[in-house]
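*Asks:* Input: one structure, supplied below.
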Amino acid sequence: MSCSSGTGNFVKLSRLLGEIHKMSMNGKLSGPNCRLSANFRLKKAKETMHGSNSFRKWKRNLLFLWLLGFVFTGIIWFFLSFNSVASERNEKSPDSCEEKARILLQNFNVSKNQFHALASFFYESDQNISQRSALGVQSKDCCQNLSFCMVKGCLLLLVGVLLSCKIPGVCLKCWKNRKNEPVPLQPVAQQLQLLLQQKQQQQAQSSPKGAGKWRKKLLIVFVLLGMLTSFWLFWHLNQKIILRREETLANMCDERARMLQDQFNVSMNHVHALAILVSTFHHGKHPSAINQKTFGEYTERTAFERPLTSGVAYALKVLHSEREQFEKQHGWTIKKMETEDQTLVQDCLTENLDPAPVKDEYAPVIFSQETVSHIVSIDMMSGKEDRENILRARATGKGVLTSPFKLLKFNHLGVVLTFAVYNKDLHPDATPEQRTEATVGYLGASYDVPSLVEKLLQQLASNQTIVVNVYDTTNASAPISMYGTDVTDTGLLHVSSLDFGDPLRKHEMHCRFKQKPPLPWMAINASVGVLVITLLVGHIFHAAICRIAKVENDYREMMELKARAEAADVAKSQFLATVSHEIRTPMNGVLGMLKMLMDADLDAIQRDYAETAHNSGKDLISLINEVLDQAKIESGRLELEDVPFDLRSLLDNVLSLSSDKSNDKGIELAVYVSNRVPEVVVGDPGRFRQIITNLVGNSIKFTQDKGHIFVSVHLVDEVKGTFDVGDKVLQQGLNLVQDTSSKTYNTLSGFPVVERWRSWENFKILNDKDTMEDPEKIKLLVTVEDTGVGIRLDAQSRIFTPFVQADSSTSRHYGGTGIGLSISKHLVELMHGKIGFVSEPGIGSTFSFTGAFGKGEVSSPDAKWKQCDPVVPEFQGLRALIIDNRSIRAEVTRYHLRRLGISLDIASSMESACTYLSSTCGTSEFAHLAMILIDKDVWDQETVLHLRTLLKEHGQNGRLDVSTNLPKIFLLGTSMSPVERSKLKTAGFVDNVLMKPLRLSVLIACFQEALGNGRKDQVHRKKTSTLGSLLREKRILVVDDNKVNRRVAEGALKKYGAIVSCVERGQDALDKLKPPHDFDACFMDIQMPEMDGFEATRQIRSAETEVNKKLASGEASIEMYGNVSHWHVPILAMTADVIQATNEECLKFGMDDYVSKPFEEEQLYSAVARFFESG
Amino acid sequence: MDIANQLQRQFMDYSTSLHREGFVDDQFTQLQKLQDENSPDFVVEVASLFFEDCEKLINNMARALEQQQGVDFKQVDASVHQLKGSSSSIGAMRVKNVCIAFRSFCEAQNREGCLRCLQQVTHEYSLLKNKLQTLFRLEKQILAAGGSIPIVE
């Protein structure tokens, strides 16, 4: 058993190895195929896809093959073990037979002694018991083995079924995985994407199909193999059964034959003994001790020793010469047998028989057993066969048998055994002549063969199962049946030869099974079982394969649909983009015309109509822009710039744009940037502005007449809480400041707001404490808080969906399309950030988003941004006092003033401000106190007057110049009309009114004006320092045909200290700029009559090149050209339309840069800076 | 002081209204800012240059458009361009806007439209001239009263 399982394992192993080999072959084969078809553009993506694909397929196939191998190995193992059981059984059965024979022999030996009957009784029972027990052992063994095999088979089946159930699941999973595989949907060009999809499709179509075919073939092979196995199994088992049957039959037959033979021999021995008895007592004694009476009695009494002889008789040898004497002596004549064959059994009276004819010698029966007393006086020599027997018997000295004949009296077949009786004890080697000489008589015994066999068979068990026939086959061509009925041929026949001690006679025993062999149920069951298992497994696999094929088909279909859907989506986006763009162009015309119409002489109603139309047009344009953005985002064509920009000034700009609306509504608008946020960040300012504008716009739209909108920017790190929150605004946002004492909320406007921190609590980057920190990147968290109407809870989930507003009624109430938040979300995602919000109806909403920006270098050479934020050093070191009852608002003010370098003290009320002033009076702090800012909420004219007098007193005490150096007083207001403001100003309450939202530029202008009295020179020097330092004493040529333009440009440039010359024609410029000259730069108009700017520039450049060439070749000395080795005067174009094309054209014609025509300081600065900064 | 303040307020209101009605734009404010001690009459100087230029150009255009046949639209266009440049330099928004329309008519060689535009330009120009002269007068008065000219945001 162990050996067979060992071989089983080995087979499994080798099979597995074979599979692996096959797999690798497959992989190799499929690899190049796909690579051949790969498009070079898509090669990379495809290869990776294919790689993962083939690997998965490989895995699946391995699993499949492994299972197949397992099933086969299992079956083989099963059969091997089954065979071993069978062979074991076979081995056992001869063993048991031998044992039986031995027992039999022993028993037989026992029976040799005189206690025959007793012995035979014992023998019978003994044998039966032993046989039965042996059979029992055998059958038990068999049962055990069979049940073991069945258990194994069941186990195998179970494993097989389980695995095959698993396989489709695994395969499906594989498929699913493959399906879930993120299809790279990066916004690539549309064609490329489509191509990719097509390729994917092709691939999906080609490879699984092949795999499916392959699988199907394998399945068919598997089923065929299974069927073959089942047939083989049937044949094999059937063979086994037949063989076993034959063996059983042979064993039984041989056993029976031997027993028959033995019993016959026993009887024969007795007859032999009788013969010797007769020889001893009849012939050896005179007078004879035996007469008919004693013989009859003796034989009758010892008949049990010859159980199968019907009778014995003794015939005397009488020569013809002695006949008369003999007849006289006995008183009867020797009679002849009536018929030759039936002498011994004739049932007729001896008297009726004729006397024997004359012959040489006679063998008349003188003694006989009672049963056959009728044969006395009959001459045995008269029958031909008997005579031969007698002659043979006396010649050999052994028992001789006749051929079988019918014993009349018993109506049975019988044989006659004849022994010769000699008058002396002969030597075993005596010659036949000597024997004939010594013969005195013959002893015959008739055997009833059928009853002999019958008795014997009854002694043996299982005599019902077989049919026994005994034949005399001395004449081989015509065997004589001695026992048994003619039975129908049941197929199997076993022949055992019988030796009854007569060498001339041959006997055979033929054994047959009574019944035809039963159907080989075990073989049928086993093979049917295998077949069923095979078919079941096959069915399961078939189902799996079908399912896989179906899933593949579905997958392909879905891929196709997906590709189509995506293509449609892209097409839609493209359509939108195109259409939006096309609409925009004519809309500009419409708007321009409307504007003109509005400027024309219209009456009030007409003007109203025109304005409405214009406003609608503007709304339409902004909507189209939004749609365009959305389309761009969806088609993946929106790309973010990476330029440095000043976050703070950008926020100022956004707020200034929104301030009109917020002031109209009376909403307070404020911005706060944490001082940990760098001044310059690198990102897309336009898109950043768009997001903020959007959020702020939304907030303004949904906030009604009260409260505030508060934009704050922090670093994400600050919120993470990696260090102590030092930022007061953030503290308020995180609810760390618990100001429960005040009745109003500690917010910008005192209205309740939602908990800001909840809007960003779901952001991943905040929660991940150990995210990889790119030192070059900073993450900003921007929150926009408002006190608006809030968003209904059920609508909160869908507000980022395009064209969906919180409520369908929203657009009726507030207008808008609901696309802004969607765009914002996309933009934030493009910035690698997240957007979130928290909102409570009736309280307000807070939107937060994060974004990744690069750290900008403050000293970036591209100083475009710098101009926007002229940090005015003149305010550096000043102090200010803010009187504000809300700490957050004060913080915001502090933020703005800090940007100017002004440090701020906070007083929560007018009274505390007064006390503050008193306490600091006379100290250096007071000396530096340049301004007092008062919020409108705490404004009170009386107190302000009081404050003024207080200041004056203090100032006088401090011996300061009262008129100039007293702190200025500013009012911070949200919504005040210009009239109101001028009134306050002229009334002398305040030096100026600052309108919220606070902006750096406004602050600077205001402070400069207010502080200007005493510091005007300083201010001017500082102000011109930016451009002035660049342009001072520079000689600049302005070329413009337009007198007014020329004058304006001249004025502007002169203001910055430049020495300006003007010409009005291109030709004049040419003359002026002919080297050598001493101009540092030239500003040139492009559109001029006669010679335009481009042409002039071209000629100037060519002249310069000529001179440079001369200088380089040494044709001209440097001295001739003013000691300048290389001539290149910066030429800046002045143009009214600053579009890209013109810019490129400018550069093409050799100009260095351009400025837009009404001079803007920033742009002028940035353009000029490029040339003069280094010098 | 009172007179100056009053005048200042009047000046503020007036220039605000000029802005609001679109006669001038930010560019004009920029010009005002350019004026300082070194060039105290800068704005007036530029404005008078502009008026001169305007009158000349308008006359040119009127002459060119007077011809019933064979109007030299190119010449008109050049003039309009000049006018547009000047007006945008000085920040005369309305004049500039009319010029934009004027140019499109010129390109379309639409004499009727051009004439209408010329009329408009003339109208706007005279309006602006009046307004600015009023403004300058106010300025002078303020200066005479000893006040400083406030800057309008």
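Labels for the structure tokens follow display order: chains A, B, ..., residues from 1 in each chain, ligands from 1.
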Compute the chain A side of the contact with chain B at 10 Å, counting only C-alpha atoms, and hand it back as a PyMOL selection string.

*Replies:* chain A and resi 592-593+595-597+599-601+978-979+982-983+985-987+1002+1005+1009+1020+1041-1049+1051-1056+1087-1089+1135-1136+1157-1161

*Asks:* For those residues, write C-alpha atoms to a file as a CSV table (one decimal), in the first residue's frame.

*Replies:*
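Now in part_27.csv:
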```csv
chain,number,residue,atom,x,y,z
A,592,GLY,CA,-19.0,95.9,-27.4
A,593,MET,CA,-22.0,97.1,-29.4
A,595,LYS,CA,-21.6,99.1,-24.5
A,596,MET,CA,-21.6,101.6,-27.3
A,597,LEU,CA,-25.3,101.7,-27.3
A,599,ASP,CA,-22.9,105.3,-24.2
A,600,ALA,CA,-25.2,106.7,-26.9
A,601,ASP,CA,-27.9,109.1,-26.1
A,978,PRO,CA,-18.4,108.3,-0.1
A,979,VAL,CA,-20.4,111.3,1.2
A,982,SER,CA,-15.9,112.8,3.3
A,983,LYS,CA,-18.2,114.1,6.0
A,985,LYS,CA,-13.0,113.4,7.2
A,986,THR,CA,-13.8,117.0,6.7
A,987,ALA,CA,-15.4,117.1,10.1
A,1002,VAL,CA,-5.4,100.9,-0.2
A,1005,ALA,CA,-2.1,104.9,-0.2
A,1009,GLU,CA,-1.6,110.4,2.3
A,1020,HIS,CA,8.3,110.3,-2.7
A,1041,ASP,CA,3.6,109.6,-34.0
A,1042,ASN,CA,0.8,110.5,-31.6
A,1043,LYS,CA,1.5,113.7,-29.8
A,1044,VAL,CA,-0.6,112.9,-26.8
A,1045,ASN,CA,0.9,109.5,-26.4
A,1046,ARG,CA,4.3,110.9,-26.7
A,1047,ARG,CA,3.6,113.4,-24.0
A,1048,VAL,CA,2.1,110.9,-21.7
A,1049,ALA,CA,5.0,108.5,-22.1
A,1051,GLY,CA,5.6,112.4,-18.5
A,1052,ALA,CA,5.5,108.9,-17.1
A,1053,LEU,CA,9.1,108.2,-17.8
A,1054,LYS,CA,10.3,111.5,-16.6
A,1055,LYS,CA,8.5,110.9,-13.4
A,1056,TYR,CA,10.9,108.1,-12.7
A,1087,GLN,CA,1.7,101.5,-35.7
A,1088,MET,CA,3.2,104.5,-37.3
A,1089,PRO,CA,2.7,106.0,-40.7
A,1135,THR,CA,1.2,98.5,-28.2
A,1136,ALA,CA,-2.4,98.9,-27.4
A,1157,LYS,CA,0.2,101.5,-24.2
A,1158,PRO,CA,-1.4,103.3,-21.4
A,1159,PHE,CA,1.6,102.8,-19.2
A,1160,GLU,CA,1.1,100.7,-16.2
A,1161,GLU,CA,3.6,101.0,-13.6
```

*Asks:* Show which residues sit within 9 Å of Gly147 in chain B, as a ChimeraX atom specification. Count only C-alpha atoms, and ignore same-chain residues fewer than 5 positions away.

*Replies:* /B:1,3-5,7-8,141-142

*Asks:* Between CA of Val1060 in chain A and CA of Leu1037 in chain A, measure the distance and give it in Å to one decimal.

*Replies:*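 Separation between CA of Val1060 in chain A and CA of Leu1037 in chain A: 5.9 Å.
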
*Asks:* Excluding His581 in chain A and any residue of its chain fewer than 3 positions from it, enumerate the residues within 12 Å of it, using only C-alpha atoms, and give them as a list in words.

*Replies:* Gln574, Phe575, Leu576, Ala577, Thr578, Arg584, Thr585, Pro586, Met587, Asn588, Ile621, Ser622, Leu623, Ile624, Asn625, Glu626, Val627, Leu628, Asp629, Ala631 and Lys632 of chain A

*Asks:* Between CA of Val1168 in chain A and CA of Val680 in chain A, what is the distance in Å, rounded to a tenth?

*Replies:*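 Pair CA of Val1168 in chain A / CA of Val680 in chain A returns 21.6 Å.
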
*Asks:* Which is closer to Arg20 in chain B than all the others in B:Met93, B:Ser104, B:Glu37, B:Gly70, using only C-alpha atoms?

*Replies:*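 Among the listed residues, the smallest separation from Arg20 in chain B belongs to B:Met93.
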
*Asks:* Which residues come within 9 Å of Gly491 in chain A, counting only C-alpha atoms, excluding same-chain residues fewer than 3 positions away, as a list in words?

*Replies:*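 What passes the distance filter is Thr488, Arg512, Phe513, Lys516 and Pro517 of chain A.
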
*Asks:* Pick from A:His270, A:Lys779, A:Arg886, A:Lys665: nearest to Gly833 in chain A, with only C-alpha atoms counted?

*Replies:*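 Smallest separation from Gly833 in chain A among the options: A:Lys779.
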
*Asks:* In Å, rounded to a single decimal, give me how far CA of Thr29 in chain B is from CA of Ile58 in chain B.

*Replies:* 25.3 Å

*Asks:* Would you list, as a ChimeraX atom specification, the residues of range 465-583 of chain A that end up in alpha helix (DSSP H) under DSSP run on this structure's backbone?

*Replies:* /A:521-583
